[in-house]
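Engineer: Input data20.txt, format and content: compact mmCIF, C-alpha atoms and all ligand atoms.
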# COMPACT_ATOMS: atom_id res chain seq x y z
CA MET U 14 127.83 120.86 108.98
CA LYS U 15 124.96 121.88 111.24
CA LEU U 16 124.06 119.49 114.01
CA LEU U 17 120.72 117.96 114.87
CA THR U 18 120.82 116.45 118.33
CA LEU U 19 118.53 113.58 119.29
CA LYS U 20 117.25 112.41 122.64
CA LYS U 21 118.62 109.07 123.76
CA ALA U 22 115.63 106.81 122.99
CA PHE U 23 115.31 108.25 119.49
CA ALA U 24 119.04 107.98 118.87
CA GLU U 25 118.71 104.25 119.60
CA LYS U 26 115.91 103.98 117.04
CA ILE U 27 118.02 105.73 114.39
CA LYS U 28 120.88 103.34 115.17
CA LYS U 29 118.59 100.41 114.42
CA GLY U 30 117.86 101.76 110.94
CA TYR U 31 114.84 103.98 111.49
CA PRO U 32 115.02 106.63 108.73
CA LEU U 33 112.64 109.31 110.03
CA ILE U 34 113.59 112.14 112.38
CA GLU U 35 110.54 112.50 114.55
CA LYS U 36 109.54 115.84 115.97
CA GLU U 37 109.68 114.54 119.54
CA ALA U 38 113.18 113.22 118.90
CA LEU U 39 114.86 116.61 118.93
CA ALA U 40 116.89 117.41 122.03
CA GLY U 41 116.51 121.16 122.25
CA SER U 42 115.48 123.64 119.64
CA ALA U 43 115.68 123.45 115.86
CA ALA U 44 115.76 127.24 115.54
CA HIS U 45 119.21 127.11 113.90
CA LEU U 46 117.88 124.93 111.07
CA LYS U 47 116.08 125.88 107.89
CA GLU U 48 114.30 123.76 105.31
CA GLY U 49 116.69 121.72 103.24
CA ASP U 50 119.68 122.03 105.57
CA LEU U 51 121.94 119.03 105.54
CA VAL U 52 122.64 117.99 109.10
CA ASP U 53 124.78 115.63 111.08
CA ILE U 54 122.42 113.75 113.33
CA VAL U 55 124.17 113.23 116.66
CA THR U 56 123.54 111.98 120.19
CA GLU U 57 123.55 114.32 123.15
CA SER U 58 127.16 113.33 123.75
CA GLY U 59 128.04 114.29 120.19
CA GLU U 60 128.34 110.81 118.67
CA PHE U 61 127.65 110.77 114.89
CA LEU U 62 124.60 108.71 113.93
CA ALA U 63 123.75 109.69 110.39
CA ARG U 64 123.64 112.44 107.81
CA GLY U 65 120.20 113.76 106.98
CA TYR U 66 118.17 116.76 105.95
CA TYR U 67 115.79 119.04 107.77
CA GLY U 68 112.29 119.36 106.30
CA LEU U 69 108.95 119.66 108.05
CA GLN U 70 106.26 117.32 106.82
CA ASN U 71 103.26 115.64 108.34
CA LYS U 72 105.47 112.85 109.53
CA GLY U 73 108.56 114.19 111.24
CA VAL U 74 111.08 116.95 110.67
CA GLY U 75 113.46 115.27 108.26
CA TRP U 76 114.99 112.05 107.00
CA VAL U 77 118.26 110.16 107.24
CA LEU U 78 120.15 110.15 103.94
CA SER U 79 123.31 108.28 104.80
CA ARG U 80 124.92 106.50 107.71
CA ASN U 81 128.40 107.13 106.38
CA LYS U 82 130.00 110.38 107.54
CA GLU U 83 132.26 110.43 104.46
CA GLU U 84 129.44 110.08 101.91
CA GLN U 85 128.60 113.33 100.10
CA THR U 86 124.91 113.94 99.45
CA ASP U 87 125.48 115.39 96.00
CA ARG U 88 124.22 114.65 92.50
CA ALA U 89 126.23 111.42 92.40
CA PHE U 90 124.49 110.37 95.60
CA PHE U 91 121.05 110.89 94.06
CA LEU U 92 122.19 109.17 90.88
CA ARG U 93 123.26 106.07 92.86
CA LYS U 94 119.89 105.93 94.64
CA LEU U 95 117.93 106.44 91.42
CA THR U 96 119.98 103.92 89.44
CA LYS U 97 119.36 101.22 92.02
CA ALA U 98 115.66 102.07 92.24
CA VAL U 99 115.19 101.94 88.48
CA GLN U 100 117.08 98.63 88.24
CA GLU U 101 114.73 97.15 90.81
CA ARG U 102 111.80 98.09 88.54
CA ASP U 103 113.33 96.44 85.44
CA HIS U 104 110.49 93.93 85.21
CA LEU U 105 107.96 96.77 85.10
CA PHE U 106 109.81 98.75 82.44
CA ALA U 107 109.94 95.52 80.43
CA ALA U 108 106.23 94.68 80.82
CA SER U 109 104.36 95.77 77.70
CA ASP U 110 100.93 95.51 79.33
CA THR U 111 101.86 97.81 82.25
CA THR U 112 103.07 101.35 81.56
CA ALA U 113 102.40 103.10 84.87
CA PHE U 114 104.17 102.36 88.16
CA ARG U 115 106.30 103.93 90.87
CA ILE U 116 110.04 104.16 90.23
CA PHE U 117 111.17 105.79 93.47
CA ASN U 118 109.41 105.43 96.80
CA GLY U 119 110.92 107.88 99.29
CA GLU U 120 112.59 106.27 102.30
CA GLY U 121 112.07 102.82 100.79
CA ASP U 122 114.57 103.80 98.11
CA GLY U 123 116.81 105.82 100.38
CA VAL U 124 115.51 109.39 100.24
CA GLY U 125 112.46 110.10 102.38
CA GLY U 126 110.04 112.84 101.36
CA VAL U 127 110.03 112.39 97.58
CA THR U 128 108.44 109.88 95.22
CA ILE U 129 108.67 109.46 91.45
CA ASP U 130 106.00 107.77 89.35
CA TYR U 131 106.25 106.73 85.71
CA TYR U 132 103.19 107.24 83.51
CA ASP U 133 103.96 105.97 80.03
CA GLY U 134 106.97 108.20 79.49
CA TYR U 135 105.90 111.03 81.78
CA LEU U 136 107.46 111.39 85.22
CA LEU U 137 105.60 112.68 88.25
CA LEU U 138 107.68 113.95 91.17
CA GLN U 139 105.91 114.40 94.50
CA TRP U 140 107.58 116.52 97.16
CA TYR U 141 106.48 116.22 100.77
CA SER U 142 108.38 119.18 102.29
CA GLN U 143 109.98 122.49 101.37
CA GLY U 144 113.20 120.92 102.58
CA VAL U 145 113.30 118.05 100.12
CA TYR U 146 112.20 120.45 97.38
CA THR U 147 115.55 122.26 97.73
CA PHE U 148 117.13 119.14 96.17
CA LYS U 149 114.98 119.50 93.04
CA GLN U 150 117.68 120.66 90.62
CA MET U 151 120.12 118.02 91.84
CA LEU U 152 117.56 115.25 91.62
CA ILE U 153 116.48 116.25 88.11
CA ALA U 154 120.10 116.48 87.00
CA ALA U 155 120.57 112.94 88.29
CA LEU U 156 117.38 111.83 86.52
CA ASP U 157 118.74 113.28 83.30
CA GLU U 158 121.84 111.15 83.61
CA LEU U 159 119.75 108.02 83.95
CA ASP U 160 118.86 105.87 81.03
CA ILE U 161 115.12 106.70 81.07
CA ASP U 162 113.71 108.27 77.96
CA TYR U 163 111.13 110.54 79.47
CA LYS U 164 108.93 112.98 77.58
CA ALA U 165 108.32 115.43 80.40
CA ILE U 166 108.46 115.91 84.15
CA TYR U 167 105.51 117.07 86.27
CA GLU U 168 105.42 117.58 90.01
CA LYS U 169 103.07 117.83 92.98
CA LYS U 170 104.07 119.95 95.92
CA ARG U 171 102.55 118.50 99.05
CA PHE U 172 104.35 120.86 101.38
CA ASP U 173 102.18 121.85 104.24
CA THR U 174 102.44 119.65 107.26
CA ALA U 175 99.08 118.01 106.55
CA GLY U 176 100.51 116.83 103.23
CA GLN U 177 98.05 119.05 101.39
CA TYR U 178 98.65 119.71 97.72
CA VAL U 179 99.75 123.23 96.72
CA GLU U 180 97.70 124.36 93.71
CA ASP U 181 100.03 125.22 90.83
CA ASP U 182 100.92 124.56 87.22
CA ASP U 183 102.65 121.23 87.75
CA PHE U 184 104.70 121.20 84.54
CA VAL U 185 108.46 121.16 85.19
CA LYS U 186 110.31 120.42 81.95
CA GLY U 187 110.26 118.53 78.66
CA GLU U 188 107.60 118.29 75.98
CA LYS U 189 104.22 119.14 77.57
CA GLY U 190 101.76 116.27 77.57
CA GLU U 191 98.34 116.36 75.96
CA PHE U 192 96.15 115.12 78.75
CA PRO U 193 94.52 112.80 79.31
CA ILE U 194 97.20 110.33 78.30
CA ILE U 195 96.27 106.65 78.35
CA VAL U 196 98.38 104.34 80.51
CA LYS U 197 98.08 100.58 80.85
CA GLU U 198 98.08 98.40 83.89
CA ASN U 199 97.95 94.65 83.27
CA GLY U 200 96.23 95.56 80.02
CA ILE U 201 93.60 97.77 81.66
CA GLN U 202 93.63 101.30 80.23
CA PHE U 203 93.43 104.37 82.40
CA ALA U 204 93.09 108.01 81.41
CA VAL U 205 95.55 110.11 83.39
CA ASP U 206 96.04 113.85 83.77
CA LEU U 207 99.24 114.93 85.49
CA ASN U 208 98.31 118.59 85.55
CA ASP U 209 94.83 118.68 87.05
CA GLY U 210 95.11 119.16 90.80
CA ALA U 211 96.24 116.80 93.51
CA MET U 212 95.31 113.48 91.92
CA THR U 213 96.04 111.92 88.55
CA GLY U 214 93.02 109.69 87.92
CA ILE U 215 94.53 106.47 89.20
CA PHE U 216 96.12 105.25 92.43
CA LEU U 217 99.06 103.14 91.33
CA ASP U 218 99.40 101.28 94.63
CA GLN U 219 96.27 99.18 93.94
CA ARG U 220 97.62 97.49 90.79
CA HIS U 221 97.66 93.94 92.16
CA VAL U 222 94.26 94.37 93.80
CA ARG U 223 92.65 95.53 90.53
CA LYS U 224 94.17 92.54 88.75
CA ALA U 225 92.87 90.12 91.40
CA ILE U 226 89.37 91.59 91.11
CA ARG U 227 89.39 91.35 87.33
CA ASP U 228 90.90 87.87 87.15
CA ARG U 229 89.24 86.05 90.04
CA TYR U 230 86.36 87.86 91.71
CA ALA U 231 84.21 89.63 89.14
CA ASP U 232 82.86 87.15 86.61
CA GLY U 233 79.07 87.08 86.69
CA LYS U 234 78.89 89.18 89.86
CA THR U 235 77.02 92.28 90.94
CA VAL U 236 79.62 94.74 92.19
CA LEU U 237 79.38 97.78 94.45
CA ASN U 238 82.41 100.08 94.41
CA THR U 239 82.23 102.66 97.20
CA PHE U 240 84.47 105.77 97.38
CA SER U 241 84.98 104.95 93.73
CA TYR U 242 86.83 108.15 92.59
CA THR U 243 87.34 107.53 88.82
CA GLY U 244 85.87 104.03 89.02
CA ALA U 245 89.14 102.14 88.52
CA PHE U 246 87.95 99.12 90.52
CA SER U 247 84.62 99.14 88.65
CA VAL U 248 86.44 99.07 85.32
CA ALA U 249 88.59 96.14 86.50
CA ALA U 250 85.43 94.28 87.59
CA ALA U 251 83.58 95.06 84.35
CA LEU U 252 86.53 93.78 82.30
CA GLY U 253 86.50 90.66 84.47
CA GLY U 254 82.94 89.92 83.41
CA ALA U 255 80.86 91.53 86.16
CA ASP U 256 77.12 91.48 85.49
CA LYS U 257 76.90 95.06 86.61
CA THR U 258 78.92 97.52 88.63
CA THR U 259 77.67 100.40 90.78
CA SER U 260 80.17 103.16 91.56
CA VAL U 261 79.46 105.60 94.38
CA ASP U 262 81.45 108.75 95.09
CA VAL U 263 80.35 112.07 96.54
CA ALA U 264 82.60 114.22 94.32
CA ASN U 265 80.90 115.77 91.29
CA ARG U 266 83.98 115.17 89.14
CA SER U 267 83.65 111.42 89.65
CA LEU U 268 80.81 111.03 87.15
CA ALA U 269 82.65 112.34 84.08
CA LYS U 270 85.91 110.73 85.19
CA THR U 271 84.25 107.33 85.63
CA ILE U 272 82.53 107.56 82.24
CA GLU U 273 85.94 108.35 80.78
CA GLN U 274 87.63 105.30 82.38
CA PHE U 275 84.85 103.00 81.13
CA SER U 276 85.03 104.52 77.67
CA VAL U 277 88.79 104.21 77.20
CA ASN U 278 88.32 100.49 77.89
CA LYS U 279 85.52 100.28 75.30
CA LEU U 280 83.01 99.38 77.99
CA ASP U 281 79.43 100.63 77.73
CA TYR U 282 79.14 102.86 80.79
CA GLU U 283 75.39 103.04 80.36
CA ALA U 284 75.17 99.37 81.31
CA HIS U 285 76.61 100.34 84.71
CA ASP U 286 75.48 102.64 87.52
CA ILE U 287 77.54 105.68 88.44
CA LYS U 288 76.18 107.57 91.41
CA VAL U 289 77.36 110.93 92.71
CA MET U 290 76.28 110.43 96.29
CA ASP U 291 77.45 110.18 99.87
CA VAL U 292 78.33 106.54 100.51
CA PHE U 293 76.57 106.59 103.88
CA LYS U 294 73.37 107.76 102.21
CA TYR U 295 73.75 105.04 99.62
CA PHE U 296 74.05 102.40 102.35
CA SER U 297 70.73 103.49 103.88
CA TYR U 298 69.11 103.51 100.45
CA ALA U 299 70.46 100.05 99.58
CA ALA U 300 69.41 98.59 102.94
CA LYS U 301 65.90 100.02 102.58
CA LYS U 302 65.58 98.62 99.04
CA GLN U 303 67.03 95.31 100.28
CA LEU U 304 69.73 95.37 97.63
CA ARG U 305 72.41 92.68 97.86
CA PHE U 306 75.80 92.65 96.11
CA ASP U 307 78.12 89.72 95.40
CA LEU U 308 81.25 91.86 95.61
CA ILE U 309 81.66 95.11 97.54
CA ILE U 310 84.80 97.22 97.41
CA LEU U 311 85.50 99.58 100.31
CA ASP U 312 88.38 101.96 99.81
CA PRO U 313 87.65 105.10 101.82
CA PRO U 314 90.12 107.94 102.37
CA SER U 315 91.87 107.89 105.77
CA PHE U 316 89.98 111.01 106.64
CA ALA U 317 87.11 112.83 104.94
CA ARG U 318 84.63 115.49 105.78
CA THR U 319 81.37 116.00 103.92
CA LYS U 320 78.62 118.42 104.97
CA LYS U 321 76.91 115.75 107.03
CA HIS U 322 79.67 113.38 108.00
CA THR U 323 83.22 113.18 109.23
CA PHE U 324 84.86 109.87 108.48
CA SER U 325 88.10 108.70 110.03
CA ALA U 326 89.30 105.24 109.08
CA ALA U 327 90.81 104.68 112.53
CA LYS U 328 87.49 105.44 114.26
CA ASP U 329 84.82 104.52 111.74
CA TYR U 330 86.01 101.58 109.63
CA LYS U 331 84.22 99.04 111.81
CA ASN U 332 80.87 100.78 111.32
CA LEU U 333 81.48 101.13 107.61
CA LEU U 334 81.98 97.36 107.50
CA LYS U 335 78.81 96.70 109.47
CA GLU U 336 76.78 98.64 106.93
CA THR U 337 78.57 96.77 104.15
CA ILE U 338 77.94 93.34 105.65
CA ALA U 339 74.22 94.13 105.73
CA ILE U 340 74.05 94.47 101.94
CA THR U 341 76.52 91.69 101.03
CA ALA U 342 74.96 88.56 99.52
CA ASP U 343 75.51 85.16 101.17
CA LYS U 344 78.98 83.96 100.21
CA GLY U 345 79.59 87.46 98.88
CA VAL U 346 83.07 88.98 98.99
CA ILE U 347 84.12 92.25 100.61
CA VAL U 348 87.35 93.92 99.57
CA ALA U 349 88.24 95.97 102.64
CA SER U 350 91.00 98.45 101.88
CA THR U 351 92.61 101.30 103.77
CA ASN U 352 95.58 103.57 103.21
CA SER U 353 95.58 104.86 106.78
CA SER U 354 99.03 104.82 108.38
CA ALA U 355 97.41 105.37 111.78
CA PHE U 356 97.05 101.60 112.30
CA GLY U 357 98.59 98.38 111.03
CA MET U 358 97.23 95.12 109.57
CA LYS U 359 96.60 93.55 112.97
CA LYS U 360 94.38 96.36 114.13
CA PHE U 361 92.64 96.47 110.75
CA LYS U 362 91.79 92.79 111.06
CA GLY U 363 90.51 93.58 114.54
CA PHE U 364 88.02 96.06 113.02
CA ILE U 365 86.93 93.39 110.55
CA ASP U 366 86.47 90.80 113.25
CA ALA U 367 84.54 93.16 115.50
CA ALA U 368 82.23 94.21 112.65
CA PHE U 369 81.32 90.58 111.92
CA LYS U 370 80.88 89.70 115.59
CA GLU U 371 78.61 92.68 116.18
CA THR U 372 76.44 91.75 113.19
CA ASN U 373 76.38 88.05 114.15
CA GLU U 374 77.80 87.04 110.81
CA ARG U 375 80.74 84.77 109.98
CA TYR U 376 83.55 85.24 107.48
CA THR U 377 86.78 83.83 106.17
CA ILE U 378 89.78 85.75 104.91
CA LEU U 379 90.57 84.81 101.32
CA GLU U 380 93.68 86.89 100.66
CA GLU U 381 95.58 89.99 101.72
CA TYR U 382 97.63 92.68 100.03
CA THR U 383 99.97 95.41 101.19
CA LEU U 384 101.93 97.82 98.98
CA PRO U 385 103.15 96.42 95.66
CA GLU U 386 106.87 95.87 95.09
CA ASP U 387 107.41 99.16 93.26
CA PHE U 388 106.18 101.02 96.35
CA LYS U 389 109.29 99.75 98.08
CA THR U 390 109.34 99.79 101.85
CA ILE U 391 112.00 98.86 104.40
CA PRO U 392 111.59 96.65 107.47
CA ALA U 393 112.98 99.40 109.73
CA PHE U 394 110.05 101.65 108.76
CA LYS U 395 106.95 99.47 108.93
CA GLU U 396 104.55 102.41 108.90
CA GLY U 397 105.77 103.20 105.38
CA ASN U 398 103.74 100.18 104.25
CA TYR U 399 100.45 101.98 104.76
CA LEU U 400 98.25 99.95 102.39
CA LYS U 401 96.16 97.14 103.81
CA VAL U 402 93.68 95.21 101.67
CA VAL U 403 91.78 92.16 102.91
CA PHE U 404 89.51 90.04 100.69
CA LEU U 405 86.97 88.35 102.89
CA GLN U 406 83.96 86.16 102.28
CA LYS U 407 80.71 86.22 104.18
CA LYS U 408 79.85 82.65 105.20
N1 LIG F 501 88.92 103.74 95.59
C1 LIG F 501 89.43 104.75 94.69
C2 LIG F 501 90.16 105.84 95.41
C3 LIG F 501 89.36 106.52 96.48
S1 LIG F 501 89.91 108.13 96.81
C4 LIG F 501 90.36 104.14 93.66
O1 LIG F 501 90.89 103.06 93.88
O2 LIG F 501 90.58 104.75 92.62
C5 LIG F 501 88.70 108.62 97.96
C6 LIG F 501 87.39 109.03 97.32
O3 LIG F 501 86.41 109.05 98.35
C7 LIG F 501 87.39 110.43 96.72
O4 LIG F 501 87.08 110.33 95.35
C8 LIG F 501 86.31 111.19 97.50
O5 LIG F 501 85.53 112.02 96.67
C9 LIG F 501 85.47 110.05 98.03
N2 LIG F 501 84.69 110.30 99.24
C10 LIG F 501 85.08 110.85 100.40
N3 LIG F 501 84.07 110.86 101.30
C11 LIG F 501 83.00 110.29 100.69
C12 LIG F 501 81.67 110.00 101.09
N4 LIG F 501 81.23 110.28 102.31
N5 LIG F 501 80.86 109.41 100.20
C13 LIG F 501 81.30 109.11 98.95
N6 LIG F 501 82.55 109.35 98.53
C14 LIG F 501 83.39 109.94 99.37
Show me the file's structure as structure tokens.
Structural biologist:
Amino acid sequence: MKLLTLKKAFAEKIKKGYPLIEKEALAGSAAHLKEGDLVDIVTESGEFLARGYYGLQNKGVGWVLSRNKEEQTDRAFFLRKLTKAVQERDHLFAASDTTAFRIFNGEGDGVGGVTIDYYDGYLLLQWYSQGVYTFKQMLIAALDELDIDYKAIYEKKRFDTAGQYVEDDDFVKGEKGEFPIIVKENGIQFAVDLNDGAMTGIFLDQRHVRKAIRDRYADGKTVLNTFSYTGAFSVAAALGGADKTTSVDVANRSLAKTIEQFSVNKLDYEAHDIKVMDVFKYFSYAAKKQLRFDLIILDPPSFARTKKHTFSAAKDYKNLLKETIAITADKGVIVASTNSSAFGMKKFKGFIDAAFKETNERYTILEEYTLPEDFKTIPAFKEGNYLKVVFLQKK
């Protein structure tokens, strides 16, 4: 077995259960290692810490697989991890009104660098390094031994160290799907395409947030959904009885995709506004026209560059909120969401607080969400729980 030697401080972290091998953790060079190598992770004095694999991704250079020197990381190993993960999602497999959810969440389920999502009988594997991709045949063989009746497997390769998607035909095996397929989430329908670029049409980690919006925040309200992508939050609000929703996204594809999501839910999209536009431009327009919304959803990407604007959640969320507060009705609700792993909930709430202070407005926090249970995370790897959603009310 090849060795991967860690500096002292990082060895201590691994001992406490940390699953990621950070780049700075390596004592010496990794020139002897290639993607997918199984390694014994050891201290500088040669003490065994864990078994892992080498794979470069945007976070780190590999993941711990086992803390038991005797445990083989073979097909049976993957089968044990998958079996446990699937058992923990029993309630979701059993739910007839939800047919799309995550069944394996990387390090949360014991193998960092790979996730598996279930979309009404279709499986989507996402690989975050060349290294983890070398386990593909073994993982699929283990999947085939599981008691899941899947129609086909698709995959997304997100290899380069920025996590960028590698353009490809994403079909792997089975009976090819006719996309879009329609999945359900708490009874809401979503059109999904597993073979159309990096994204599928729906972000499964917002399931509970969409339900909350539909069930408790939308009835009779005017709703602004910014960075709306396919309009999933708008659809949830419209089904919850919103007076009107306005979806704003700069991507040209968002118009047709949003019309599609409204239509599969038998909602009249013409009764709603769908704008292909830079959100920051929309804010100026709305402020000038003195528009006010009862409910505003903010779910920007962690990082985005348009021709005019570079947005980074870590730097710019506060200002985004200030512009939002200006067009929120009295007692209106803001759903502030971020998937940035660059900061945690405490810092996020700091941005919220600062935005209200600087605009001389007051607020209360109504409720908070992090990742749903199927996006399983472990306490030893807090940054794995990247999602932060705060519902707040302007007083
Ligand atoms: N909130 C969505 C997901 C957002 S994904 C959902 O829950 O489904 C991020 C979206 O932000 C992308 O669709 C991208 O096109 C859009 N985007 C990025 N920068 C933008 C900008 N400056 N103005 C409007 N949309 C932007």
Engineer: Residues up to 6 Å from ligand LIG 501 (chain F), counting all atoms listed in the file: could you list those as number ranges by chain?
Structural biologist: U: 215-216, 240-246, 262-264, 290-292, 312-314, 317, 319
Engineer: Tell me which protein, DNA and RNA residues are within 9 Å of U:Gly123, counting all atoms listed in the file, leaving out same-chain ones fewer than 6 positions away, and put them as a list in words.
Structural biologist: Pro32, Val77, Leu78, Ser79, Lys94 and Phe117 of chain U
Engineer: Name the closest residue to U:Asp160 among the candidates U:Leu33, U:Val74, U:Val99, U:Ala175; distances are taken between atoms, counting all atoms listed in the file.
Structural biologist: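 Result for the nearest residue to U:Asp160: U:Val99.
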Engineer: Using only C-alpha atoms for the distances, tell me which of U:Lys82, U:Asp387, U:Val402, U:Asn265 is nearest to U:Gly121.
Structural biologist: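 Of all the options, U:Asp387 lies closest to U:Gly121.
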Engineer: Do a neighbour search on U:Phe394 at 12 Å with only C-alpha atoms, toss out local chain neighbours closer than 6 positions, and write the hits as a ChimeraX atom specification.
Structural biologist: /U:26-27,29-34,76-77,119-123,125,354
Engineer: For atom CA of U:Gln150 and atom CA of U:Leu136, determine how far apart the two atoms are, in Å to one decimal place.
Structural biologist: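 These atoms are spaced 14.8 Å apart.
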Engineer: Which residue is closest to U:Asn208? Choose from U:Leu137, U:Leu152, U:Ala255, U:Val261 and count only C-alpha atoms.
Structural biologist: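 Closest candidate: U:Leu137.
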Engineer: Name the residues in contact with U:Gly144 at a cut-off of 9 Å, using only C-alpha atoms, excluding same-chain residues fewer than 5 positions from it; report them as a list in words.
Structural biologist: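 Non-adjacent residues within range: Lys47, Glu48, Gly49, Asp50, Tyr66, Tyr67, Gly68, Leu69, Gln70, Gly75, Gly126 and Phe172 of chain U.
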Engineer: I need the residue nearest U:Val403 from this list: U:Ala225, U:Asp329, U:Glu25, U:Lys389. Use all atoms listed in the file for the distance.
Structural biologist: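 Counting all atoms listed in the file, the residue closest to U:Val403 is U:Ala225.
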Engineer: With all atoms listed in the file as the atoms that count, which of U:Ile153, U:Leu159, U:Ala44, U:Leu217 lies nearest to U:Lys97?
Structural biologist: U:Leu159
Engineer: Which residue out of U:Gly363, U:Gly345, U:Pro385, U:Gly357 has the minimum interatomic distance to U:Lys401 when all atoms listed in the file are used?
Structural biologist: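 Closest to U:Lys401, using all atoms listed in the file: U:Gly357.
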Engineer: Distance atom CA of U:Phe23-atom CA of U:Leu46, one decimal place?
Structural biologist: 18.9 Å
Engineer: Can you find the residues with an atom no farther than 8 Å from (81.7, 98.8, 112.0), counting all atoms listed in the file, and report them as a count of residues only?
Structural biologist: 12
Engineer: Quick one: residues within 12 Å of U:Glu83, only C-alpha atoms, excluding same-chain residues fewer than 6 positions away - as a PDB file with C-alpha atoms, in the frame of the given file?
Structural biologist:
ATOM      1  CA  ASP U  53     124.780 115.630 111.080  1.00  0.00           C
ATOM      2  CA  PHE U  61     127.650 110.770 114.890  1.00  0.00           C
ATOM      3  CA  ALA U  63     123.750 109.690 110.390  1.00  0.00           C
ATOM      4  CA  ARG U  64     123.640 112.440 107.810  1.00  0.00           C
ATOM      5  CA  PHE U  90     124.490 110.370  95.600  1.00  0.00           C
TER       6      PHE U  90
END
Engineer: With all atoms listed in the file as the counted atoms, please give the residues lying no more than 10 Å from stretch 251-254 of chain U, apart from itself and same-chain residues fewer than 3 positions off, as a list in words.
Structural biologist: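 The residues that qualify are Ile201, Arg223, Lys224, Ala225, Ile226, Arg227, Asp228, Arg229, Tyr230, Ala231, Asp232, Gly233, Lys234, Thr235, Val236, Ala245, Phe246, Ser247, Val248, Lys257, Thr258, Phe275, Asn278, Lys279, Leu280, Asp281, Tyr282, Ala284 and His285 of chain U.
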Engineer: As an exercise, work out the distance from atom CA of U:Asp130 to atom CA of U:Glu180 in Å and give it to one decimal place.
Structural biologist: 19.1 Å
Engineer: For a cut-off of 10 Å around (95.6, 109.2, 79.1), file coordinates, pick out all residues using only C-alpha atoms and list them as a PDB file with C-alpha atoms, in the frame of the given file.
Structural biologist:
ATOM      1  CA  TYR U 132     103.190 107.240  83.510  1.00  0.00           C
ATOM      2  CA  ASP U 133     103.960 105.970  80.030  1.00  0.00           C
ATOM      3  CA  GLY U 190     101.760 116.270  77.570  1.00  0.00           C
ATOM      4  CA  GLU U 191      98.340 116.360  75.960  1.00  0.00           C
ATOM      5  CA  PHE U 192      96.150 115.120  78.750  1.00  0.00           C
ATOM      6  CA  PRO U 193      94.520 112.800  79.310  1.00  0.00           C
ATOM      7  CA  ILE U 194      97.200 110.330  78.300  1.00  0.00           C
ATOM      8  CA  ILE U 195      96.270 106.650  78.350  1.00  0.00           C
ATOM      9  CA  VAL U 196      98.380 104.340  80.510  1.00  0.00           C
ATOM     10  CA  LYS U 197      98.080 100.580  80.850  1.00  0.00           C
ATOM     11  CA  GLN U 202      93.630 101.300  80.230  1.00  0.00           C
ATOM     12  CA  PHE U 203      93.430 104.370  82.400  1.00  0.00           C
ATOM     13  CA  ALA U 204      93.090 108.010  81.410  1.00  0.00           C
ATOM     14  CA  VAL U 205      95.550 110.110  83.390  1.00  0.00           C
ATOM     15  CA  ASP U 206      96.040 113.850  83.770  1.00  0.00           C
ATOM     16  CA  LEU U 207      99.240 114.930  85.490  1.00  0.00           C
ATOM     17  CA  THR U 213      96.040 111.920  88.550  1.00  0.00           C
ATOM     18  CA  GLY U 214      93.020 109.690  87.920  1.00  0.00           C
ATOM     19  CA  GLU U 273      85.940 108.350  80.780  1.00  0.00           C
ATOM     20  CA  GLN U 274      87.630 105.300  82.380  1.00  0.00           C
ATOM     21  CA  VAL U 277      88.790 104.210  77.200  1.00  0.00           C
TER      22      VAL U 277
END
Engineer: Export N, CA, C and O atoms of stretch 200-206 of chain U from the structure just given, as a compact mmCIF listing (two decimals), in the first residue's frame?
Structural biologist:
# COMPACT_ATOMS: atom_id res chain seq x y z
N GLY U 200 -45.57 16.37 -3.74
CA GLY U 200 -46.70 16.58 -4.65
C GLY U 200 -46.46 17.62 -5.74
O GLY U 200 -47.26 17.73 -6.66
N ILE U 201 -45.39 18.39 -5.63
CA ILE U 201 -45.07 19.36 -6.69
C ILE U 201 -44.36 18.60 -7.80
O ILE U 201 -43.50 17.76 -7.54
N GLN U 202 -44.73 18.89 -9.05
CA GLN U 202 -44.10 18.18 -10.17
C GLN U 202 -42.93 19.00 -10.71
O GLN U 202 -43.02 20.23 -10.79
N PHE U 203 -41.89 18.32 -11.10
CA PHE U 203 -40.77 19.01 -11.74
C PHE U 203 -40.30 18.23 -12.96
O PHE U 203 -40.12 17.02 -12.89
N ALA U 204 -40.10 18.95 -14.05
CA ALA U 204 -39.52 18.36 -15.25
C ALA U 204 -38.02 18.32 -15.07
O ALA U 204 -37.40 19.29 -14.66
N VAL U 205 -37.45 17.15 -15.36
CA VAL U 205 -36.02 16.92 -15.12
C VAL U 205 -35.39 16.32 -16.36
O VAL U 205 -35.98 15.46 -17.01
N ASP U 206 -34.19 16.79 -16.69
CA ASP U 206 -33.42 16.20 -17.78
C ASP U 206 -32.03 15.85 -17.24
O ASP U 206 -31.28 16.73 -16.83
